[in-house]
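As stored in coords-v2.txt (compact mmCIF, C-alpha atoms):
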# COMPACT_ATOMS: atom_id res chain seq x y z
CA MET A 1 -0.34 -13.35 -68.06
CA GLU A 2 -1.57 -9.83 -68.68
CA ASN A 3 1.07 -7.19 -68.04
CA SER A 4 3.16 -4.65 -69.85
CA SER A 5 6.88 -4.20 -70.19
CA SER A 6 8.76 -1.30 -68.70
CA GLY A 7 12.20 -1.82 -70.14
CA ASN A 8 15.02 -3.81 -68.61
CA ALA A 9 17.15 -3.82 -65.50
CA ALA A 10 20.87 -4.51 -65.65
CA LEU A 11 22.51 -7.12 -63.46
CA ILE A 12 26.30 -6.96 -63.37
CA VAL A 13 28.16 -10.02 -62.13
CA GLU A 14 31.97 -10.05 -62.34
CA ASP A 15 32.00 -7.47 -65.13
CA LYS A 16 29.36 -9.35 -67.08
CA LYS A 17 26.11 -7.52 -67.75
CA TYR A 18 22.75 -9.29 -67.97
CA GLU A 19 19.45 -7.74 -69.03
CA LEU A 20 16.40 -8.63 -66.93
CA PRO A 21 12.95 -7.52 -68.13
CA ILE A 22 10.77 -5.37 -65.90
CA LEU A 23 7.05 -6.20 -65.96
CA VAL A 24 4.27 -3.88 -64.79
CA ASP A 25 0.87 -5.06 -63.59
CA ARG A 26 -2.42 -3.17 -63.74
CA GLU A 27 -1.72 -1.50 -60.40
CA GLY A 28 1.50 -0.08 -61.78
CA GLN A 29 3.62 -2.33 -59.58
CA CYS A 30 6.93 -3.38 -61.14
CA PHE A 31 8.30 -6.92 -61.14
CA LEU A 32 11.79 -8.03 -62.07
CA ASP A 33 11.41 -11.01 -64.40
CA ILE A 34 14.04 -13.52 -63.26
CA ARG A 35 12.66 -16.56 -65.06
CA GLN A 36 15.82 -16.82 -67.15
CA LEU A 37 18.18 -15.74 -64.38
CA ALA A 38 19.57 -19.17 -63.48
CA LYS A 39 19.77 -20.27 -67.10
CA SER A 40 21.70 -17.22 -68.28
CA THR A 41 23.82 -16.47 -65.20
CA GLU A 42 23.83 -19.69 -63.11
CA ILE A 43 22.70 -17.48 -60.23
CA THR A 44 19.42 -17.82 -58.34
CA ALA A 45 17.68 -15.40 -56.00
CA TYR A 46 17.83 -15.83 -52.22
CA ASP A 47 14.55 -14.73 -50.63
CA PRO A 48 13.56 -16.37 -47.30
CA GLY A 49 9.80 -16.33 -46.86
CA PHE A 50 9.38 -15.18 -50.49
CA ALA A 51 8.74 -11.63 -49.27
CA ASN A 52 10.21 -10.19 -52.46
CA THR A 53 9.00 -12.81 -54.92
CA ALA A 54 5.82 -13.02 -57.01
CA SER A 55 5.26 -16.73 -57.55
CA CYS A 56 2.47 -16.37 -60.10
CA ALA A 57 0.24 -14.03 -62.06
CA SER A 58 -3.31 -13.98 -60.69
CA ALA A 59 -6.59 -12.21 -61.42
CA VAL A 60 -8.40 -13.47 -58.30
CA SER A 61 -7.61 -10.76 -55.76
CA LEU A 62 -5.50 -7.65 -55.36
CA VAL A 63 -3.86 -6.71 -52.07
CA ASN A 64 -2.34 -3.22 -52.02
CA GLY A 65 -0.62 -2.90 -48.65
CA THR A 66 0.47 0.69 -49.15
CA GLU A 67 -3.01 2.03 -49.87
CA GLY A 68 -4.85 -0.46 -47.65
CA LYS A 69 -6.86 -1.80 -50.58
CA LEU A 70 -8.32 -5.26 -51.18
CA LEU A 71 -10.19 -6.20 -54.37
CA TYR A 72 -11.91 -9.46 -55.27
CA ARG A 73 -12.03 -9.79 -59.06
CA GLY A 74 -11.88 -5.98 -59.23
CA TYR A 75 -14.55 -5.25 -56.58
CA PRO A 76 -13.56 -3.50 -53.32
CA VAL A 77 -14.09 -5.86 -50.39
CA GLU A 78 -16.04 -3.12 -48.58
CA VAL A 79 -18.63 -3.01 -51.37
CA LEU A 80 -19.02 -6.78 -51.45
CA ALA A 81 -19.30 -7.10 -47.66
CA GLU A 82 -22.01 -4.44 -47.58
CA ASN A 83 -24.08 -5.64 -50.53
CA CYS A 84 -23.53 -9.38 -51.01
CA VAL A 85 -23.92 -12.64 -49.15
CA PHE A 86 -21.05 -15.08 -48.96
CA VAL A 87 -22.48 -17.41 -51.61
CA GLU A 88 -22.43 -14.59 -54.20
CA VAL A 89 -18.81 -13.76 -53.41
CA ALA A 90 -17.88 -17.44 -53.65
CA TYR A 91 -19.44 -17.52 -57.11
CA LEU A 92 -17.59 -14.33 -58.06
CA LEU A 93 -14.20 -15.69 -57.06
CA ILE A 94 -14.70 -19.04 -58.77
CA HIS A 95 -16.38 -17.79 -61.96
CA GLY A 96 -14.89 -14.33 -62.26
CA LYS A 97 -18.25 -12.52 -62.20
CA LEU A 98 -21.13 -11.89 -59.86
CA PRO A 99 -24.09 -14.21 -60.50
CA ASN A 100 -27.39 -13.01 -61.91
CA ALA A 101 -30.58 -14.08 -60.15
CA GLU A 102 -30.85 -17.36 -62.07
CA GLU A 103 -27.18 -18.27 -61.57
CA ARG A 104 -27.35 -17.45 -57.89
CA GLN A 105 -30.43 -19.64 -57.42
CA ARG A 106 -28.84 -22.55 -59.25
CA PHE A 107 -25.64 -22.20 -57.22
CA SER A 108 -27.66 -22.12 -53.99
CA ASP A 109 -29.65 -25.18 -55.06
CA LEU A 110 -26.43 -27.06 -55.74
CA LEU A 111 -25.07 -26.06 -52.34
CA ASN A 112 -28.20 -27.50 -50.76
CA ARG A 113 -28.06 -30.67 -52.86
CA HIS A 114 -24.44 -31.37 -51.94
CA SER A 115 -24.63 -30.39 -48.26
CA MET A 116 -24.74 -33.97 -46.99
CA ILE A 117 -21.60 -36.02 -46.56
CA HIS A 118 -21.49 -39.71 -47.42
CA GLU A 119 -22.99 -41.71 -44.56
CA ASP A 120 -19.91 -43.93 -44.41
CA MET A 121 -17.87 -40.83 -43.55
CA ARG A 122 -19.81 -40.45 -40.33
CA ALA A 123 -17.90 -43.43 -38.99
CA PHE A 124 -14.70 -41.41 -39.29
CA PHE A 125 -15.91 -38.97 -36.65
CA HIS A 126 -16.29 -41.79 -34.14
CA GLY A 127 -12.63 -42.69 -34.59
CA TYR A 128 -11.26 -39.34 -33.42
CA PRO A 129 -10.46 -38.92 -29.72
CA GLU A 130 -12.66 -36.71 -27.59
CA HIS A 131 -11.70 -33.03 -27.77
CA SER A 132 -9.79 -33.47 -31.05
CA HIS A 133 -9.10 -30.07 -32.57
CA PRO A 134 -11.68 -29.36 -35.30
CA MET A 135 -8.95 -28.26 -37.72
CA ALA A 136 -7.29 -31.69 -37.48
CA ILE A 137 -10.60 -33.37 -38.24
CA LEU A 138 -11.39 -30.89 -41.01
CA SER A 139 -8.15 -31.44 -42.91
CA ALA A 140 -8.37 -35.23 -42.65
CA MET A 141 -12.02 -35.35 -43.71
CA VAL A 142 -11.46 -33.09 -46.71
CA VAL A 143 -8.65 -35.21 -48.12
CA SER A 144 -10.90 -38.25 -47.60
CA LEU A 145 -13.48 -36.75 -49.95
CA SER A 146 -11.36 -37.82 -52.91
CA SER A 147 -12.03 -41.45 -51.95
CA PHE A 148 -15.79 -40.94 -51.86
CA TYR A 149 -15.95 -38.73 -54.95
CA PRO A 150 -13.22 -40.14 -57.23
CA GLU A 151 -14.75 -38.60 -60.35
CA ILE A 152 -12.65 -35.51 -59.65
CA GLU A 153 -9.63 -37.60 -60.67
CA GLU A 154 -10.95 -38.17 -64.19
CA GLU A 155 -8.37 -37.29 -66.79
CA ASN A 156 -10.69 -35.13 -68.88
CA ARG A 157 -11.93 -33.08 -65.91
CA SER A 158 -15.43 -33.44 -67.35
CA GLU A 159 -17.23 -32.77 -64.09
CA GLU A 160 -19.03 -29.46 -64.16
CA LEU A 161 -17.23 -26.71 -62.26
CA ASP A 162 -20.29 -25.69 -60.25
CA ILE A 163 -20.77 -29.23 -58.98
CA THR A 164 -17.14 -29.56 -57.92
CA ALA A 165 -17.17 -26.16 -56.22
CA THR A 166 -20.52 -26.49 -54.46
CA ARG A 167 -19.75 -30.02 -53.32
CA LEU A 168 -16.64 -28.81 -51.54
CA LEU A 169 -18.10 -25.52 -50.28
CA SER A 170 -21.15 -27.22 -48.84
CA LYS A 171 -19.50 -30.33 -47.46
CA LEU A 172 -16.72 -28.36 -45.76
CA ARG A 173 -19.36 -26.42 -43.85
CA THR A 174 -21.10 -29.66 -42.84
CA ILE A 175 -17.82 -31.33 -41.84
CA ALA A 176 -16.90 -28.28 -39.76
CA ALA A 177 -20.20 -28.36 -37.86
CA PHE A 178 -19.95 -32.12 -37.38
CA SER A 179 -16.39 -31.66 -36.08
CA TYR A 180 -17.62 -29.23 -33.47
CA LYS A 181 -20.39 -31.57 -32.37
CA LYS A 182 -17.81 -34.35 -32.04
CA SER A 183 -15.54 -32.13 -29.92
CA VAL A 184 -18.31 -31.42 -27.40
CA GLY A 185 -19.79 -34.92 -27.42
CA GLU A 186 -23.17 -33.95 -28.88
CA PRO A 187 -25.12 -35.73 -31.64
CA ILE A 188 -24.64 -34.57 -35.20
CA VAL A 189 -27.22 -32.18 -36.67
CA TYR A 190 -27.95 -32.61 -40.37
CA PRO A 191 -28.29 -29.68 -42.80
CA ARG A 192 -31.77 -28.40 -43.64
CA ARG A 193 -32.99 -27.61 -47.12
CA ASP A 194 -35.02 -24.59 -45.94
CA LEU A 195 -32.00 -22.69 -44.58
CA ASP A 196 -29.41 -20.67 -46.47
CA TYR A 197 -25.67 -21.27 -46.29
CA CYS A 198 -24.81 -19.39 -43.09
CA SER A 199 -28.10 -20.14 -41.34
CA ASN A 200 -27.54 -23.83 -41.98
CA PHE A 201 -24.09 -23.72 -40.47
CA LEU A 202 -25.29 -21.97 -37.33
CA ASN A 203 -28.18 -24.42 -36.96
CA MET A 204 -25.87 -27.43 -37.35
CA MET A 205 -23.58 -25.90 -34.73
CA PHE A 206 -26.09 -24.97 -32.07
CA SER A 207 -29.28 -26.98 -32.57
CA SER A 208 -29.73 -30.14 -30.49
CA PRO A 209 -32.46 -32.68 -29.71
CA VAL A 210 -33.22 -30.83 -26.48
CA SER A 211 -32.73 -27.26 -27.68
CA ASP A 212 -34.02 -25.75 -30.89
CA TYR A 213 -31.90 -23.02 -32.43
CA GLU A 214 -33.63 -19.87 -33.58
CA VAL A 215 -31.82 -18.34 -36.55
CA ASP A 216 -31.06 -14.66 -35.88
CA PRO A 217 -30.90 -12.57 -39.10
CA VAL A 218 -28.42 -10.13 -37.55
CA ILE A 219 -26.04 -12.94 -36.63
CA VAL A 220 -26.47 -14.50 -40.07
CA ALA A 221 -25.65 -11.17 -41.74
CA ALA A 222 -22.58 -10.75 -39.55
CA LEU A 223 -21.34 -14.26 -40.36
CA ASN A 224 -21.81 -13.57 -44.08
CA LYS A 225 -19.65 -10.45 -43.73
CA LEU A 226 -16.89 -12.19 -41.80
CA LEU A 227 -16.73 -15.04 -44.31
CA ILE A 228 -16.57 -12.53 -47.16
CA LEU A 229 -13.69 -10.71 -45.48
CA HIS A 230 -11.71 -13.95 -45.38
CA ALA A 231 -12.57 -15.17 -48.90
CA ASP A 232 -9.21 -14.46 -50.56
CA HIS A 233 -6.06 -12.50 -49.86
CA GLY A 234 -3.43 -12.92 -52.53
CA GLN A 235 -0.57 -15.38 -52.16
CA ASN A 236 -0.67 -15.84 -48.41
CA CYS A 237 0.77 -18.93 -46.72
CA SER A 238 -2.26 -21.21 -47.10
CA THR A 239 -3.10 -20.08 -50.64
CA SER A 240 0.50 -20.54 -51.70
CA THR A 241 0.35 -23.99 -50.14
CA VAL A 242 -2.77 -24.86 -52.15
CA ARG A 243 -1.01 -23.72 -55.33
CA LEU A 244 2.27 -25.45 -54.49
CA VAL A 245 0.60 -28.77 -53.71
CA GLY A 246 -1.72 -28.37 -56.69
CA SER A 247 1.24 -27.77 -58.99
CA SER A 248 2.21 -31.44 -58.59
CA GLY A 249 -1.04 -32.46 -60.32
CA VAL A 250 -2.79 -33.67 -57.19
CA ASN A 251 -6.57 -33.29 -56.93
CA LEU A 252 -8.43 -30.32 -55.50
CA TYR A 253 -9.38 -32.06 -52.24
CA ALA A 254 -5.77 -32.90 -51.38
CA SER A 255 -4.67 -29.35 -52.21
CA ILE A 256 -7.39 -27.83 -50.01
CA SER A 257 -6.52 -30.19 -47.16
CA ALA A 258 -2.93 -28.96 -47.32
CA GLY A 259 -4.17 -25.37 -47.26
CA ILE A 260 -6.23 -26.10 -44.14
CA CYS A 261 -3.12 -27.44 -42.39
CA ALA A 262 -1.17 -24.30 -43.35
CA LEU A 263 -4.00 -22.07 -42.13
CA TRP A 264 -3.98 -23.78 -38.73
CA GLY A 265 -0.75 -22.05 -37.67
CA GLN A 266 -0.91 -19.31 -35.04
CA LEU A 267 0.88 -16.88 -37.36
CA HIS A 268 -1.81 -17.36 -40.00
CA GLY A 269 -5.44 -18.39 -39.46
CA GLY A 270 -4.93 -19.24 -35.81
CA ALA A 271 -4.12 -15.64 -34.96
CA ASN A 272 -7.73 -14.69 -34.08
CA GLN A 273 -7.74 -17.37 -31.39
CA GLU A 274 -4.38 -16.08 -30.17
CA VAL A 275 -5.85 -12.56 -29.91
CA ILE A 276 -8.65 -13.74 -27.62
CA GLU A 277 -6.25 -15.71 -25.45
CA MET A 278 -3.95 -12.67 -25.26
CA LEU A 279 -6.82 -10.38 -24.22
CA GLU A 280 -7.95 -12.91 -21.62
CA GLN A 281 -4.42 -13.06 -20.20
CA ILE A 282 -4.18 -9.25 -20.08
CA GLN A 283 -7.49 -9.20 -18.24
CA ARG A 284 -6.28 -11.80 -15.71
CA ASP A 285 -3.11 -9.78 -15.18
CA GLY A 286 -5.10 -6.72 -14.18
CA GLY A 287 -5.90 -5.17 -17.54
CA SER A 288 -2.95 -2.75 -17.69
CA VAL A 289 -2.75 -1.69 -21.33
CA ASP A 290 0.26 0.54 -20.65
CA ARG A 291 2.17 -2.47 -19.35
CA VAL A 292 1.24 -4.39 -22.50
CA ILE A 293 2.54 -1.56 -24.71
CA GLU A 294 5.81 -1.59 -22.78
CA ARG A 295 6.23 -5.35 -23.12
CA ALA A 296 5.54 -5.20 -26.86
CA GLN A 297 8.53 -2.85 -27.27
CA ASP A 298 10.92 -4.99 -25.21
CA LYS A 299 13.01 -7.19 -27.51
CA ASN A 300 13.95 -9.42 -24.58
CA ASP A 301 10.33 -10.07 -23.60
CA PRO A 302 8.77 -13.11 -25.33
CA PHE A 303 5.37 -11.40 -25.24
CA ARG A 304 3.90 -10.72 -28.67
CA LEU A 305 1.04 -8.33 -29.34
CA MET A 306 -1.28 -10.45 -31.46
CA GLY A 307 -3.63 -8.86 -34.00
CA PHE A 308 -1.31 -5.96 -34.85
CA GLY A 309 0.79 -5.61 -37.97
CA HIS A 310 0.60 -7.43 -41.26
CA ARG A 311 3.11 -8.82 -43.71
CA VAL A 312 1.57 -6.77 -46.53
CA TYR A 313 -0.47 -3.91 -45.06
CA LYS A 314 1.48 -0.86 -43.99
CA THR A 315 -1.71 0.96 -43.13
CA TYR A 316 -5.00 -0.03 -41.49
CA ASP A 317 -6.21 -3.41 -42.78
CA PRO A 318 -9.42 -2.58 -44.71
CA ARG A 319 -10.98 -5.83 -43.47
CA ALA A 320 -10.27 -4.83 -39.87
CA ARG A 321 -12.43 -1.71 -40.18
CA ILE A 322 -15.41 -3.80 -41.28
CA ALA A 323 -14.72 -6.48 -38.67
CA LYS A 324 -14.56 -3.85 -35.93
CA GLN A 325 -17.90 -2.32 -36.93
CA THR A 326 -19.49 -5.76 -37.30
CA CYS A 327 -18.27 -6.68 -33.84
CA LYS A 328 -19.86 -3.59 -32.30
CA GLU A 329 -23.14 -4.23 -34.13
CA VAL A 330 -23.35 -7.86 -33.00
CA LEU A 331 -22.62 -7.07 -29.36
CA ALA A 332 -25.12 -4.21 -29.38
CA HIS A 333 -27.79 -6.42 -30.96
CA LEU A 334 -27.22 -9.19 -28.43
CA GLY A 335 -27.06 -6.74 -25.54
CA VAL A 336 -23.66 -8.10 -24.61
CA SER A 337 -21.08 -6.05 -22.75
CA ASP A 338 -17.81 -7.86 -23.32
CA PRO A 339 -14.86 -6.59 -21.25
CA LEU A 340 -12.54 -8.02 -23.89
CA LEU A 341 -13.99 -5.64 -26.49
CA ASP A 342 -13.52 -2.72 -24.11
CA LEU A 343 -9.95 -3.84 -23.54
CA ALA A 344 -9.34 -4.25 -27.28
CA LEU A 345 -10.64 -0.75 -28.02
CA VAL A 346 -8.37 0.83 -25.41
CA LEU A 347 -5.41 -1.24 -26.60
CA GLU A 348 -6.01 -0.16 -30.20
CA GLU A 349 -6.35 3.51 -29.25
CA LYS A 350 -3.15 3.58 -27.21
CA ALA A 351 -1.15 1.54 -29.71
CA LEU A 352 -2.14 3.75 -32.65
CA ALA A 353 -1.11 6.84 -30.69
CA HIS A 354 2.27 5.41 -29.69
CA PRO A 355 5.38 6.32 -31.75
CA PHE A 356 6.69 2.73 -31.57
CA PHE A 357 3.67 1.43 -33.47
CA GLN A 358 3.41 4.45 -35.76
CA GLU A 359 7.03 4.19 -36.90
CA ARG A 360 6.68 0.48 -37.61
CA LYS A 361 3.26 0.88 -39.22
CA LEU A 362 1.69 -1.65 -36.85
CA PHE A 363 -2.07 -1.33 -37.22
CA PRO A 364 -4.84 -3.74 -36.17
CA ASN A 365 -5.42 -6.52 -38.68
CA ILE A 366 -8.56 -8.56 -39.32
CA ASP A 367 -7.76 -11.02 -36.53
CA PHE A 368 -8.01 -8.35 -33.84
CA TYR A 369 -11.82 -8.16 -33.78
CA THR A 370 -13.16 -11.33 -35.43
CA GLY A 371 -12.56 -13.51 -32.37
CA ILE A 372 -14.60 -11.20 -30.14
CA THR A 373 -17.50 -11.39 -32.61
CA TYR A 374 -17.35 -15.19 -32.81
CA ARG A 375 -17.18 -15.31 -29.02
CA ALA A 376 -20.37 -13.25 -28.79
CA MET A 377 -22.05 -15.63 -31.25
CA GLY A 378 -21.25 -18.53 -28.94
CA ILE A 379 -18.61 -20.06 -31.19
CA PRO A 380 -15.75 -21.62 -29.17
CA LYS A 381 -12.15 -20.56 -29.66
CA ASP A 382 -10.94 -23.70 -31.39
CA MET A 383 -13.56 -23.13 -34.11
CA TYR A 384 -12.32 -19.65 -35.06
CA THR A 385 -9.76 -20.98 -37.51
CA VAL A 386 -12.36 -23.36 -38.93
CA LEU A 387 -14.55 -20.34 -39.74
CA PHE A 388 -11.51 -18.79 -41.42
CA ALA A 389 -11.12 -21.95 -43.53
CA ILE A 390 -14.78 -21.89 -44.60
CA GLY A 391 -14.41 -18.26 -45.62
CA ARG A 392 -11.13 -18.80 -47.46
CA LEU A 393 -12.34 -21.89 -49.34
CA PRO A 394 -13.73 -20.02 -52.43
CA GLY A 395 -10.40 -18.25 -52.83
CA TRP A 396 -8.49 -21.52 -52.56
CA ILE A 397 -10.74 -23.11 -55.19
CA ALA A 398 -10.36 -20.10 -57.50
CA GLN A 399 -6.58 -20.05 -57.08
CA TRP A 400 -6.32 -23.80 -57.71
CA LEU A 401 -8.42 -23.52 -60.86
CA GLU A 402 -6.40 -20.56 -62.08
CA LEU A 403 -3.21 -22.55 -61.61
CA GLN A 404 -4.55 -25.52 -63.59
CA GLN A 405 -5.47 -23.20 -66.47
CA ASP A 406 -2.18 -21.25 -66.43
CA PRO A 407 -0.17 -21.91 -69.63
CA GLU A 408 2.98 -21.18 -67.61
CA LYS A 409 2.12 -23.74 -64.91
CA LYS A 410 5.14 -25.55 -63.53
CA ILE A 411 5.59 -27.76 -60.52
CA GLY A 412 6.71 -25.65 -57.57
CA ARG A 413 10.33 -26.33 -56.78
CA PRO A 414 12.12 -23.54 -54.84
CA GLY A 415 15.88 -23.70 -54.63
CA GLN A 416 17.98 -23.38 -51.50
CA MET A 417 21.24 -21.91 -50.30
CA TYR A 418 23.15 -24.84 -48.86
CA THR A 419 24.88 -24.21 -45.51
CA GLY A 420 25.81 -27.78 -44.54
CA GLU A 421 29.09 -29.62 -44.56
CA GLN A 422 30.77 -31.23 -47.56
CA GLY A 423 32.98 -34.24 -48.07
CA ARG A 424 32.68 -35.66 -44.56
CA PRO A 425 34.63 -38.91 -44.20
CA PHE A 426 32.49 -41.93 -43.41
CA VAL A 427 33.31 -43.71 -40.16
CA PRO A 428 32.04 -47.25 -39.52
CA VAL A 429 29.74 -47.56 -36.51
CA SER A 430 32.35 -49.55 -34.59
CA ASP A 431 34.84 -46.67 -34.81
CA ARG A 432 32.49 -43.77 -34.02
CA PRO A 433 33.13 -42.06 -30.69

Would you kindly transcribe this structure into structure tokens?
Amino acid sequence: MENSSSGNAALIVEDKKYELPILVDREGQCFLDIRQLAKSTEITAYDPGFANTASCASAVSLVNGTEGKLLYRGYPVEVLAENCVFVEVAYLLIHGKLPNAEERQRFSDLLNRHSMIHEDMRAFFHGYPEHSHPMAILSAMVVSLSSFYPEIEEENRSEELDITATRLLSKLRTIAAFSYKKSVGEPIVYPRRDLDYCSNFLNMMFSSPVSDYEVDPVIVAALNKLLILHADHGQNCSTSTVRLVGSSGVNLYASISAGICALWGQLHGGANQEVIEMLEQIQRDGGSVDRVIERAQDKNDPFRLMGFGHRVYKTYDPRARIAKQTCKEVLAHLGVSDPLLDLALVLEEKALAHPFFQERKLFPNIDFYTGITYRAMGIPKDMYTVLFAIGRLPGWIAQWLELQQDPEKKIGRPGQMYTGEQGRPFVPVSDRP
């Protein structure tokens, strides 16, 4: 844990004074060290949602919500999205450095080599009902990988990191594409050795025995950018889930499967699908943006403006700027005029100019424009969160590895503030009213 000390804070409880160290990270952010709080005071912190708690020290990514800054291993996300492909950023997050030409080629070769899933796993797809949500299939198939590749359970962890990482990165992409094919009742398309990571995914999604898919470099570049934007984001819900599950000593596959389930929620990775459905509903209701702004301010209205605001960012989400530009470029390239994009642009403009949103620092987040881009690519709504999972996978792997190597690693075990009853008298079933 690399930090510096900035003195102590005093906690006074019933005239007793306790000294709590203050730690400072490389961004200059201060943290109250309460590791000895319960031991020395018999008091624990109460923090629903962990909004005020740092659960770990991490060097994987930095999220500065005040300045609207996101760094992967020290690199601004804007620089990486503009100059790298997703595979390079995956290598960066997992290894801590960008690959040279030889390392990148070897990593790519391993991704190709491990792109197939075990043939026996194909039978699993036949067991899922028609129209099963791809995220349900994805999480179940990932946890099943530990049965087909049990070497990850070896006590000495002798398996080479690149093989473990590329196996999961490549197979998740293949499972995702297979899941989509299952959901639409089409035959599975196998990966091709002559295609790169993103091109392979698109081909497995859209190629069929009766329709060849022509890989479009502009679409491939856009998909690379969107995956990069999702690659890691501090201790969000799904990443924290991966770490929490991983803290018990369970294998990487089980931890990632848990992260996928956490990501599925509409308040997390499912938000981009919610944005599209919200825009579609606004369009069906006549497209009145002013009415939408009014409803968003009404506490008694269950309507929620999806794609605005962020738990951390109190300024414009830096990923949203790139996603917005990428969206415009894709639609322009395809010659698509999407009324949902027009609606989104007007909604953003009016919301940003409104005092209600300004005072609450509610700016568009990354989910606001990614769904429109995926829609233009032909990707169905229930696959949006799957794309999020593919993008976030390198970050999950990096965070899991960092946890395993942390000398301060402990099994996650939050406390609670009990609000239930005590000492209730037991009544036999015959005497209960």

Taking only C-alpha atoms into account, which of A:Pro99, A:Gln404, A:Ala38, A:Val85 comes nearest Val250 in chain A?
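Checking each candidate against Val250 in chain A, we get A:Gln404 as the closest.
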
Please provide as a VMD selection string all residues within 7 Å of range 299-310 of chain A, with the sequence filter that same-chain residues fewer than 3 positions apart are discarded (counting all atoms listed in the file).
chain A and resid 271 274 to 275 295 to 296 313 362 to 365 367 to 368

Figure out the distance between CA of Asn100 in chain A and CA of Asp196 in chain A, please, to one decimal in Å.
17.4 Å

Which is closest to Asn52 in chain A among A:Tyr374, A:Phe86, A:Tyr18, A:Phe31, if we use only C-alpha atoms?
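Nearest to Asn52 in chain A: A:Phe31.
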
Test item: residues at most 12 Å from Val79 in chain A, all atoms listed in the file, excluding those fewer than 2 positions along its chain, as an mmCIF file with C-alpha atoms, keeping the file's coordinate frame:
data_model
loop_
_atom_site.group_PDB
_atom_site.id
_atom_site.type_symbol
_atom_site.label_atom_id
_atom_site.label_comp_id
_atom_site.auth_asym_id
_atom_site.auth_seq_id
_atom_site.Cartn_x
_atom_site.Cartn_y
_atom_site.Cartn_z
ATOM 1 C CA LYS A 69 -6.860 -1.800 -50.580
ATOM 2 C CA LEU A 70 -8.320 -5.260 -51.180
ATOM 3 C CA LEU A 71 -10.190 -6.200 -54.370
ATOM 4 C CA TYR A 72 -11.910 -9.460 -55.270
ATOM 5 C CA GLY A 74 -11.880 -5.980 -59.230
ATOM 6 C CA TYR A 75 -14.550 -5.250 -56.580
ATOM 7 C CA PRO A 76 -13.560 -3.500 -53.320
ATOM 8 C CA VAL A 77 -14.090 -5.860 -50.390
ATOM 9 C CA ALA A 81 -19.300 -7.100 -47.660
ATOM 10 C CA GLU A 82 -22.010 -4.440 -47.580
ATOM 11 C CA ASN A 83 -24.080 -5.640 -50.530
ATOM 12 C CA CYS A 84 -23.530 -9.380 -51.010
ATOM 13 C CA VAL A 85 -23.920 -12.640 -49.150
ATOM 14 C CA VAL A 89 -18.810 -13.760 -53.410
ATOM 15 C CA LYS A 225 -19.650 -10.450 -43.730
ATOM 16 C CA ILE A 228 -16.570 -12.530 -47.160
ATOM 17 C CA LEU A 229 -13.690 -10.710 -45.480
ATOM 18 C CA PRO A 318 -9.420 -2.580 -44.710
ATOM 19 C CA ARG A 319 -10.980 -5.830 -43.470
ATOM 20 C CA ILE A 322 -15.410 -3.800 -41.280
#

A:Ala177, A:Leu252, A:Val218, A:Trp400: which is nearest Lys328 in chain A, counting all atoms listed in the file?
A:Val218

Starting from the point (-1.0, -30.8, -42.8), work out which residues of protein, DNA or RNA have an atom no more than 12 Å away when counting only C-alpha atoms; state them as a PyMOL selection string.
chain A and resi 135-143+238+241-242+245+254-265

From the options A:Tyr128, A:Phe107, A:Tyr316, A:Phe201, which residue's atoms come nearest to Phe357 in chain A, counting all atoms listed in the file?
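Ranked by minimum distance to Phe357 in chain A, first place goes to A:Tyr316.
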
Tell me, as a list of chain:residue names, which residues lie within 12 Å of Gly7 in chain A, counting all atoms listed in the file; anything in the same chain fewer than 6 positions away does not count.
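Within the cut-off, the hits are A:Glu19, A:Leu20, A:Pro21, A:Ile22, A:Leu23, A:Val24, A:Cys30, A:Phe31, A:Leu32, A:Asp33.
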
Quick check, in Å to one decimal: how far apart do CA of Tyr369 in chain A and CA of Leu340 in chain A lie?
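That distance, rounded to one decimal, is 9.9 Å.
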
Quick one, how far is CA of Lys17 in chain A from CA of Ala54 in chain A?
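These two atoms are separated by 23.6 Å.
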
Could you check which residues have any atom within 7 Å of (17.5, -12.9, -60.0), counting all atoms listed in the file with coordinates taken straight from the file, and then list them as a PyMOL selection string?
chain A and resi 34+37+43-45

Hey, which of A:Tyr91, A:Tyr180, A:Phe125, A:Phe148 ends up closest to Leu387 in chain A? Count all atoms listed in the file.
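Selected residue with least distance to Leu387 in chain A: A:Tyr180.
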
Pick the closest to Pro355 in chain A from A:Val87, A:Lys171, A:Ile293, A:Ser144: which is it, counting only C-alpha atoms?
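For Pro355 in chain A, the nearest of the given residues is A:Ile293.
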